[in-house]
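Shown next: query29.txt, containing compact mmCIF, C-alpha atoms.
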# COMPACT_ATOMS: atom_id res chain seq x y z
CA TRP K 24 47.20 29.33 -54.99
CA CYS K 25 47.12 25.49 -54.85
CA PHE K 26 49.11 25.57 -51.62
CA LEU K 27 46.64 28.00 -50.02
CA PHE K 28 43.68 25.89 -51.21
CA LEU K 29 45.26 22.79 -49.69
CA LEU K 30 45.79 24.58 -46.37
CA SER K 31 42.16 25.70 -46.45
CA CYS K 32 40.95 22.13 -47.02
CA LEU K 33 43.15 20.79 -44.24
CA GLY K 34 41.83 23.51 -41.93
CA ALA K 35 38.25 22.56 -42.75
CA LEU K 36 38.97 18.88 -42.15
CA TYR K 37 40.63 19.68 -38.80
CA SER K 38 37.70 21.82 -37.73
CA SER K 39 35.30 19.01 -38.61
CA TYR K 40 37.39 16.57 -36.59
CA VAL K 41 37.47 18.89 -33.57
CA LEU K 42 33.71 19.45 -33.85
CA LEU K 43 33.07 15.73 -34.11
CA SER K 44 35.34 15.05 -31.16
CA SER K 45 33.55 17.73 -29.16
CA GLU K 46 30.15 16.18 -29.92
CA ASP K 47 31.48 12.72 -29.06
CA ALA K 48 32.81 14.14 -25.81
CA LYS K 49 29.41 15.59 -24.98
CA VAL K 50 27.72 12.26 -25.66
CA LEU K 51 30.30 10.44 -23.56
CA SER K 52 29.93 12.99 -20.76
CA ALA K 53 26.13 12.61 -20.83
CA LYS K 54 26.45 8.83 -20.63
CA ILE K 55 28.82 9.05 -17.65
CA LEU K 56 26.50 11.52 -15.90
CA ALA K 57 23.45 9.35 -16.57
CA GLU K 58 25.24 6.29 -15.19
CA ALA K 59 26.26 8.17 -12.04
CA HIS K 60 22.64 9.19 -11.51
CA SER K 61 21.22 5.78 -12.42
CA ALA K 62 19.15 3.96 -9.82
CA ALA K 63 20.83 0.71 -10.86
CA HIS K 64 24.27 2.20 -10.27
CA ILE K 65 23.28 3.78 -6.95
CA THR K 66 21.83 0.57 -5.53
CA SER K 67 24.66 -1.67 -6.78
CA ALA K 68 27.21 0.72 -5.26
CA GLY K 69 25.32 0.83 -1.97
CA LYS K 70 25.10 4.61 -2.00
CA PRO K 71 22.53 6.58 0.02
CA PHE K 72 19.49 8.01 -1.73
CA LEU K 73 16.11 9.63 -1.27
CA VAL K 74 12.81 8.36 -2.64
CA TYR K 75 10.31 10.74 -4.22
CA GLY K 76 6.89 10.19 -2.66
CA THR K 77 3.81 10.83 -4.78
CA ALA K 78 0.85 10.61 -2.38
CA TRP K 79 -1.89 13.25 -2.48
CA LYS K 80 -0.69 14.99 -5.63
CA LYS K 81 -3.85 14.17 -7.58
CA GLU K 82 -4.01 15.60 -11.12
CA ASP K 83 -0.62 17.34 -10.68
CA THR K 84 1.20 14.04 -10.10
CA SER K 85 2.61 13.79 -13.61
CA ARG K 86 4.07 17.30 -13.48
CA TYR K 87 5.63 16.83 -10.06
CA VAL K 88 7.18 13.47 -10.97
CA PHE K 89 8.51 15.03 -14.19
CA ASP K 90 10.08 17.85 -12.16
CA ALA K 91 11.49 15.42 -9.59
CA VAL K 92 13.23 13.26 -12.19
CA HIS K 93 14.61 16.37 -13.90
CA ALA K 94 15.90 17.54 -10.51
CA GLY K 95 17.77 14.27 -10.03
CA PHE K 96 15.42 11.93 -8.18
CA ARG K 97 15.68 8.39 -9.54
CA PHE K 98 13.61 6.47 -6.97
CA ILE K 99 9.83 6.94 -7.07
CA ASP K 100 7.18 5.61 -4.70
CA THR K 101 3.48 5.25 -5.50
CA ALA K 102 0.56 2.83 -4.94
CA CYS K 103 -2.34 1.26 -6.80
CA GLN K 104 -4.67 3.19 -4.52
CA PRO K 105 -6.68 5.87 -6.36
CA LYS K 106 -7.88 7.19 -3.01
CA HIS K 107 -4.48 8.78 -2.31
CA TYR K 108 -2.30 8.17 -5.39
CA ASN K 109 -2.47 8.89 -9.10
CA GLU K 110 -0.47 5.93 -10.36
CA PRO K 111 -1.09 6.64 -14.08
CA GLY K 112 0.25 10.16 -13.49
CA VAL K 113 3.46 8.68 -12.09
CA GLY K 114 3.82 6.58 -15.24
CA GLU K 115 3.33 9.61 -17.48
CA GLY K 116 5.71 11.76 -15.44
CA TRP K 117 8.68 9.43 -15.22
CA LYS K 118 8.35 8.36 -18.83
CA ALA K 119 8.26 11.93 -20.16
CA ALA K 120 11.25 12.96 -18.04
CA ALA K 121 13.22 9.86 -19.04
CA ASN K 122 12.60 10.62 -22.70
CA ASP K 123 13.77 14.19 -22.15
CA LEU K 124 16.94 13.15 -20.35
CA GLY K 125 17.77 10.06 -22.39
CA LEU K 126 17.33 7.77 -19.39
CA GLU K 127 16.71 4.05 -19.67
CA ARG K 128 14.26 2.00 -17.60
CA ALA K 129 17.07 0.73 -15.33
CA ASP K 130 17.94 4.31 -14.45
CA ILE K 131 14.59 4.69 -12.67
CA PHE K 132 13.51 2.70 -9.61
CA LEU K 133 9.73 2.26 -9.45
CA GLN K 134 8.10 1.19 -6.21
CA THR K 135 4.37 0.65 -5.94
CA LYS K 136 2.02 -1.04 -3.51
CA PHE K 137 -0.81 -3.51 -3.26
CA THR K 138 -3.39 -1.82 -1.03
CA PRO K 139 -5.80 -4.08 0.93
CA TYR K 140 -9.47 -3.22 0.56
CA PRO K 141 -9.83 -1.36 3.91
CA GLY K 142 -7.40 1.23 2.53
CA GLN K 143 -9.25 1.67 -0.78
CA ASP K 144 -12.03 4.02 -1.79
CA PRO K 145 -14.97 1.60 -2.37
CA ASN K 146 -15.96 3.60 -5.45
CA LYS K 147 -12.47 3.49 -7.00
CA CYS K 148 -11.08 0.14 -5.97
CA PRO K 149 -8.84 -1.29 -8.75
CA TYR K 150 -10.01 -4.86 -8.09
CA ASP K 151 -13.16 -6.71 -7.08
CA PRO K 152 -13.09 -6.75 -3.26
CA SER K 153 -15.29 -9.85 -3.19
CA SER K 154 -12.75 -11.89 -5.15
CA PRO K 155 -10.12 -14.07 -3.41
CA LEU K 156 -7.08 -12.23 -2.05
CA GLU K 157 -4.86 -13.96 -4.62
CA ASP K 158 -6.96 -12.53 -7.47
CA GLN K 159 -6.94 -9.08 -5.92
CA VAL K 160 -3.13 -9.02 -5.97
CA HIS K 161 -2.93 -10.28 -9.56
CA VAL K 162 -5.38 -7.64 -10.81
CA SER K 163 -3.60 -4.93 -8.84
CA ILE K 164 -0.12 -5.73 -10.20
CA LYS K 165 -1.47 -5.94 -13.74
CA THR K 166 -3.02 -2.50 -13.28
CA SER K 167 0.21 -1.10 -11.83
CA LEU K 168 2.34 -2.40 -14.70
CA LYS K 169 -0.01 -0.73 -17.17
CA ASN K 170 -0.24 2.52 -15.20
CA LEU K 171 3.51 2.80 -14.76
CA LYS K 172 4.30 1.94 -18.39
CA THR K 173 6.71 -0.84 -17.51
CA ASP K 174 7.01 -4.62 -17.65
CA TYR K 175 8.48 -4.98 -14.17
CA ILE K 176 8.32 -3.29 -10.76
CA ASP K 177 11.54 -2.71 -8.83
CA SER K 178 9.86 -2.90 -5.44
CA TYR K 179 6.36 -4.17 -4.64
CA VAL K 180 5.09 -3.33 -1.17
CA MET K 181 2.06 -4.53 0.77
CA HIS K 182 0.50 -1.24 1.86
CA SER K 183 -0.38 -2.63 5.28
CA PRO K 184 -0.53 -6.04 6.91
CA TYR K 185 -3.86 -7.77 7.49
CA ASN K 186 -5.26 -8.38 10.96
CA THR K 187 -3.65 -11.80 11.15
CA VAL K 188 -0.28 -13.09 10.03
CA GLU K 189 -2.05 -15.98 8.28
CA GLU K 190 -4.09 -13.65 6.08
CA THR K 191 -1.06 -11.48 5.45
CA MET K 192 0.91 -14.51 4.30
CA VAL K 193 -1.75 -15.39 1.71
CA VAL K 194 -0.97 -12.11 -0.03
CA TRP K 195 2.76 -12.47 0.61
CA ARG K 196 2.86 -15.82 -1.19
CA VAL K 197 1.36 -14.20 -4.28
CA MET K 198 3.95 -11.42 -4.07
CA GLU K 199 6.68 -14.06 -3.88
CA SER K 200 5.31 -15.67 -7.04
CA LEU K 201 5.53 -12.30 -8.80
CA VAL K 202 9.24 -12.24 -8.00
CA ASP K 203 9.56 -15.75 -9.41
CA GLU K 204 7.83 -14.60 -12.61
CA GLY K 205 10.13 -11.60 -13.01
CA LYS K 206 7.33 -9.06 -12.69
CA VAL K 207 8.75 -7.78 -9.40
CA ARG K 208 12.37 -7.44 -8.26
CA ARG K 209 11.91 -7.11 -4.48
CA ILE K 210 9.01 -7.14 -2.02
CA GLY K 211 8.26 -5.40 1.24
CA ILE K 212 5.60 -4.12 3.60
CA SER K 213 4.41 -0.74 4.82
CA ASN K 214 2.59 0.58 7.90
CA CYS K 215 3.69 -2.37 10.00
CA TYR K 216 4.53 -1.12 13.50
CA ASP K 217 4.13 -4.42 15.35
CA TYR K 218 7.59 -5.93 15.86
CA HIS K 219 6.26 -9.44 16.49
CA LYS K 220 4.03 -9.39 13.41
CA PHE K 221 6.83 -8.14 11.16
CA THR K 222 9.33 -10.71 12.43
CA ALA K 223 6.71 -13.46 12.08
CA ILE K 224 6.20 -12.46 8.43
CA TYR K 225 9.96 -12.45 7.97
CA GLU K 226 10.38 -15.91 9.46
CA GLN K 227 7.57 -17.44 7.40
CA ALA K 228 8.52 -15.76 4.14
CA ARG K 229 10.31 -17.75 1.46
CA ILE K 230 11.42 -14.48 -0.12
CA LYS K 231 12.22 -12.18 2.76
CA PRO K 232 10.96 -8.59 2.92
CA SER K 233 13.68 -6.22 1.79
CA VAL K 234 11.68 -3.03 2.48
CA LEU K 235 9.81 -1.73 5.53
CA GLN K 236 8.18 1.63 4.93
CA ASN K 237 6.80 3.30 8.06
CA ARG K 238 5.83 6.69 9.41
CA PHE K 239 8.86 8.03 11.29
CA TYR K 240 7.56 9.63 14.45
CA ALA K 241 7.62 9.68 18.24
CA ASP K 242 4.27 7.93 18.67
CA SER K 243 5.84 4.65 17.50
CA GLY K 244 9.03 5.24 19.45
CA PHE K 245 10.65 5.86 16.08
CA ASP K 246 10.39 2.08 15.46
CA THR K 247 13.54 1.47 17.51
CA ASP K 248 13.26 -2.33 17.62
CA LEU K 249 12.03 -2.61 14.05
CA ARG K 250 14.84 -0.40 12.79
CA LYS K 251 17.39 -2.51 14.63
CA PHE K 252 15.94 -5.63 13.02
CA CYS K 253 16.08 -3.99 9.59
CA LYS K 254 19.70 -2.97 10.12
CA GLU K 255 20.68 -6.48 11.21
CA HIS K 256 18.88 -8.15 8.30
CA ASN K 257 19.84 -5.76 5.49
CA ILE K 258 16.29 -4.44 5.05
CA TRP K 259 15.71 -0.94 3.72
CA TYR K 260 13.84 1.05 6.34
CA GLN K 261 11.99 3.74 4.38
CA SER K 262 10.77 6.66 6.46
CA PHE K 263 7.76 8.75 5.47
CA TRP K 264 6.17 11.75 7.20
CA THR K 265 9.79 12.34 8.16
CA LEU K 266 9.71 16.14 8.19
CA THR K 267 6.05 16.77 9.03
CA ALA K 268 6.07 14.59 12.15
CA ASN K 269 9.26 16.19 13.45
CA ARG K 270 8.61 19.88 12.76
CA HIS K 271 9.03 20.89 16.41
CA ALA K 272 12.48 19.33 16.67
CA LEU K 273 13.60 20.73 13.32
CA ALA K 274 12.55 24.23 14.41
CA GLN K 275 15.01 24.21 17.30
CA PRO K 276 17.94 26.67 17.06
CA ASP K 277 20.46 23.88 17.65
CA VAL K 278 19.33 22.09 14.48
CA ALA K 279 19.49 25.30 12.44
CA LYS K 280 23.04 25.89 13.68
CA LEU K 281 24.16 22.35 12.92
CA ALA K 282 22.57 22.47 9.48
CA GLU K 283 24.07 25.85 8.63
CA ALA K 284 27.56 24.55 9.43
CA HIS K 285 27.13 22.13 6.51
CA GLY K 286 25.37 24.56 4.19
CA LEU K 287 22.07 22.75 4.69
CA THR K 288 18.56 23.57 5.77
CA PRO K 289 17.15 21.85 8.89
CA GLN K 290 15.07 19.68 6.54
CA THR K 291 17.98 18.51 4.40
CA TYR K 292 20.07 18.07 7.54
CA MET K 293 17.38 15.69 8.78
CA PHE K 294 17.62 13.72 5.54
CA ALA K 295 21.43 13.68 5.84
CA PHE K 296 21.15 12.39 9.41
CA LEU K 297 18.91 9.48 8.42
CA MET K 298 20.95 8.56 5.35
CA SER K 299 24.12 8.67 7.49
CA LEU K 300 22.74 5.85 9.65
CA GLY K 301 23.33 3.61 6.64
CA TYR K 302 20.03 1.72 6.51
CA ILE K 303 17.32 4.41 6.42
CA THR K 304 15.99 5.78 3.15
CA PRO K 305 13.76 8.82 3.63
CA LEU K 306 10.89 9.75 1.34
CA SER K 307 10.54 13.34 0.16
CA GLY K 308 7.18 14.41 -1.21
CA THR K 309 7.97 18.06 -1.86
CA THR K 310 6.23 19.85 -4.72
CA SER K 311 8.69 22.76 -4.71
CA GLN K 312 11.36 22.74 -7.40
CA LYS K 313 13.66 24.63 -5.00
CA HIS K 314 13.26 21.99 -2.31
CA MET K 315 13.68 19.21 -4.88
CA ALA K 316 17.01 20.74 -5.87
CA GLU K 317 18.06 21.03 -2.21
CA ASP K 318 17.10 17.41 -1.53
CA VAL K 319 19.01 16.14 -4.55
CA ALA K 320 22.02 18.30 -3.66
CA VAL K 321 22.45 16.75 -0.19
CA MET K 322 21.90 13.29 -1.65
CA GLU K 323 24.57 13.84 -4.29
CA ARG K 324 27.01 15.25 -1.74
CA MET K 325 26.65 12.10 0.33
CA GLN K 326 26.84 9.85 -2.71
CA GLY K 327 30.11 11.62 -3.50
CA GLY K 328 31.49 10.54 -0.13
CA GLU K 329 31.01 13.67 1.95
CA ILE K 330 30.74 12.94 5.68
CA MET K 331 28.03 15.00 7.38
CA PHE K 332 28.39 13.42 10.83
CA ASP K 333 31.93 12.83 12.07
CA ASP K 334 31.19 10.06 14.53
CA GLU K 335 28.51 8.27 16.53
CA ALA K 336 28.48 11.08 19.08
CA ASP K 337 27.38 13.50 16.34
CA LEU K 338 24.62 11.11 15.29
CA ARG K 339 23.45 10.66 18.86
CA ARG K 340 23.29 14.41 19.35
CA MET K 341 20.76 14.70 16.55
CA ALA K 342 18.90 11.61 17.75
CA GLN K 343 18.59 13.20 21.19
CA ILE K 344 17.14 16.38 19.72
CA LEU K 345 14.53 14.31 17.87
CA GLY K 346 13.75 12.24 20.95
CA MET K 347 14.88 8.95 19.40
CA PRO K 348 15.58 6.29 22.06
CA ASP K 349 18.44 4.85 20.02
CA LEU K 350 20.09 4.95 16.62
Structure rendered as structure tokens:
Amino acid sequence: WCFLFLLSCLGALYSSYVLLSSEDAKVLSAKILAEAHSAAHITSAGKPFLVYGTAWKKEDTSRYVFDAVHAGFRFIDTACQPKHYNEPGVGEGWKAAANDLGLERADIFLQTKFTPYPGQDPNKCPYDPSSPLEDQVHVSIKTSLKNLKTDYIDSYVMHSPYNTVEETMVVWRVMESLVDEGKVRRIGISNCYDYHKFTAIYEQARIKPSVLQNRFYADSGFDTDLRKFCKEHNIWYQSFWTLTANRHALAQPDVAKLAEAHGLTPQTYMFAFLMSLGYITPLSGTTSQKHMAEDVAVMERMQGGEIMFDDEADLRRMAQILGMPDL
């Protein structure tokens, strides 16, 4: 009887050990998975990624950001511009999803923008438009930090340049000071299609722009010269309106055939093409959970090392379909 009791006790202890080991393994596995999907890990490893865009989502912003983070997006773009963005909703969405998934702040990359007054709704402007430009930026970043529930911004972007480089540089100097203070990690500019203006800003900047976010479409010649400059100077070129502006090209049978060969849709094939260039980061603003999953799937395949385009000839074939003058 004593021998049987001893065996029973040993069995119970072994089961407890196995159970504990299993739980430890799950925790360890979750940590490894979280690290692999961490924005900090992705950027430090130089892996390709997509940015989740949050414009025009209004009162549903929080829900869509929550869904996007759950789907696997770790980079989020917004703006302190109530006219087109619900920045507080972005803060609520990423925070709720991070709590759900056990993510830390470094796992999420938050990008927001200072929007000059011409781009604001006069009735909802987050700062006093009659105040000096320097004050406008300081009020805007303070508002963004509160809205996004964070004490620093990963990327702070000027939503558009001013009419003159001189005026633009007044705001840029304030943005540089925010980097010095640790409130912002990197700075950039958006909606800047003038090559000479962008390069002038670059030359005069003490802290160089590390982001250029532009509409990716034929009307601007697909920013050929600007993209080349970004590639040569290690600047992220972020493309928005990527799918909408190129619907005609993506509807061509050749694109569908090329995409199908890789198990992709024409839309995700487009994202794969741009990420394969090595310096373009597309924005995806989808509200569909299915499309979110598809976007994340192609991103993860490429982060895992899968080659979607065998050589430059493959890339140029897609560029030709789009009407791009050059890669």
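Atom CA of Gly114 of chain K sits 23.6 Å away from atom CA of Met322 of chain K.
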| Contacts of Phe263 of chain K within 6 Å, all atoms listed in the file, excl. fewer than 4 positions in-chain, as a list of chain:residue names | K:Arg238, K:Phe239, K:Leu306
Closest contacts (segment 220-327 of chain K/segment 160-184 of chain K, max 9 Å, all atoms listed in the file) as JSON lines:
{"residue": "K:Lys220", "atom": "CA", "partner": "K:Pro184", "partner_atom": "CA", "distance": 8.6}
{"residue": "K:Phe221", "atom": "CA", "partner": "K:Pro184", "partner_atom": "CA", "distance": 8.8}
{"residue": "K:Pro232", "atom": "CA", "partner": "K:Val180", "partner_atom": "CA", "distance": 8.9}
{"residue": "K:Ser233", "atom": "CA", "partner": "K:Ser178", "partner_atom": "CA", "distance": 8.8}
{"residue": "K:Val234", "atom": "CA", "partner": "K:Val180", "partner_atom": "CA", "distance": 7.5}
{"residue": "K:Leu235", "atom": "CA", "partner": "K:Val180", "partner_atom": "CA", "distance": 8.4}
{"residue": "K:Gln236", "atom": "CA", "partner": "K:Val180", "partner_atom": "CA", "distance": 8.4}
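Proximity ranking of K:Gln312, K:Ser61, K:Thr247, K:Ser67 relative to Leu124 of chain K places K:Ser61 first, based on only C-alpha atoms.
Closest approach to Ala316 of chain K among K:Lys147, K:Ala91, K:Ser200, K:Phe296: K:Ala91, based on only C-alpha atoms.
The coordinates place atom CA of Gln261 of chain K at 22.1 Å from atom CA of Ala282 of chain K.
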| said: From the options K:Ala241, K:Ala279, K:Val207, K:Leu201, which residue's atoms come nearest to Pro348 of chain K, counting all atoms listed in the file? | reply: K:Ala241
| note | Nearest to Tyr75 of chain K, restricted to only C-alpha atoms and choosing among K:Glu204, K:Asp337, K:Asp318, K:Glu157, comes out as K:Asp318
| field | Selection: 8 Å around Gly116 of chain K, only C-alpha atoms, excl. self and same-chain fewer than 3 positions, as a list of chain:residue names | value | K:Thr84, K:Ser85, K:Arg86, K:Tyr87, K:Val88, K:Phe89, K:Gly112, K:Val113, K:Ala119, K:Ala120
Would you mind exporting the chosen residues as a PDB file, keeping the file's coordinate frame, restricted to C-alpha atoms?
ATOM      1  CA  THR K  84       1.200  14.040 -10.100  1.00  0.00           C
ATOM      2  CA  SER K  85       2.610  13.790 -13.610  1.00  0.00           C
ATOM      3  CA  ARG K  86       4.070  17.300 -13.480  1.00  0.00           C
ATOM      4  CA  TYR K  87       5.630  16.830 -10.060  1.00  0.00           C
ATOM      5  CA  VAL K  88       7.180  13.470 -10.970  1.00  0.00           C
ATOM      6  CA  PHE K  89       8.510  15.030 -14.190  1.00  0.00           C
ATOM      7  CA  GLY K 112       0.250  10.160 -13.490  1.00  0.00           C
ATOM      8  CA  VAL K 113       3.460   8.680 -12.090  1.00  0.00           C
ATOM      9  CA  ALA K 119       8.260  11.930 -20.160  1.00  0.00           C
ATOM     10  CA  ALA K 120      11.250  12.960 -18.040  1.00  0.00           C
TER      11      ALA K 120
END
| query | Neighbours of Gln143 of chain K within 10 Å (all atoms listed in the file; same-chain residues fewer than 2 positions away dropped), as a PyMOL selection string? | reply | chain K and resi 103-107+138-141+145-150+152
| query | Which of these residues is nearest to His271 of chain K, using only C-alpha atoms: K:Ile330, K:Ile344, K:Ala63, K:Glu226? | reply | K:Ile344
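Using only C-alpha atoms for every distance, the candidate list K:Ala223, K:Asp242, K:Asn237, K:Gly205 yields K:Ala223 as the residue closest to Glu189 of chain K.
Distance-wise, atom CA of Trp259 of chain K and atom CA of Tyr302 of chain K end up 5.8 Å apart.
Residues lying at most 10 Å from (27.3, 20.3, 8.8) in file coordinates, with all atoms listed in the file considered, are Val278, Ala279, Lys280, Leu281, Ala282, Glu283, Ala284, His285, Gly286, Leu287, Thr288, Tyr292, Ala295, Ile330, Met331, Phe332 and Asp333 of chain K.
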| field | Protein/DNA/RNA residues near (2.2, 12.3, -3.4), cut 10 Å, only C-alpha atoms, as a ChimeraX atom specification | value | /K:75-81,83-84,87-88,100-102,107-110,113,307-310
Write a file of the selected residues as a short mmCIF file (atom, residue, chain, number, x, y, z; two decimals), in the coordinates of the input, keeping C-alpha atoms.
data_model
loop_
_atom_site.label_atom_id
_atom_site.label_comp_id
_atom_site.auth_asym_id
_atom_site.auth_seq_id
_atom_site.Cartn_x
_atom_site.Cartn_y
_atom_site.Cartn_z
CA TYR K 75 10.31 10.74 -4.22
CA GLY K 76 6.89 10.19 -2.66
CA THR K 77 3.81 10.83 -4.78
CA ALA K 78 0.85 10.61 -2.38
CA TRP K 79 -1.89 13.25 -2.48
CA LYS K 80 -0.69 14.99 -5.63
CA LYS K 81 -3.85 14.17 -7.58
CA ASP K 83 -0.62 17.34 -10.68
CA THR K 84 1.20 14.04 -10.10
CA TYR K 87 5.63 16.83 -10.06
CA VAL K 88 7.18 13.47 -10.97
CA ASP K 100 7.18 5.61 -4.70
CA THR K 101 3.48 5.25 -5.50
CA ALA K 102 0.56 2.83 -4.94
CA HIS K 107 -4.48 8.78 -2.31
CA TYR K 108 -2.30 8.17 -5.39
CA ASN K 109 -2.47 8.89 -9.10
CA GLU K 110 -0.47 5.93 -10.36
CA VAL K 113 3.46 8.68 -12.09
CA SER K 307 10.54 13.34 0.16
CA GLY K 308 7.18 14.41 -1.21
CA THR K 309 7.97 18.06 -1.86
CA THR K 310 6.23 19.85 -4.72
#
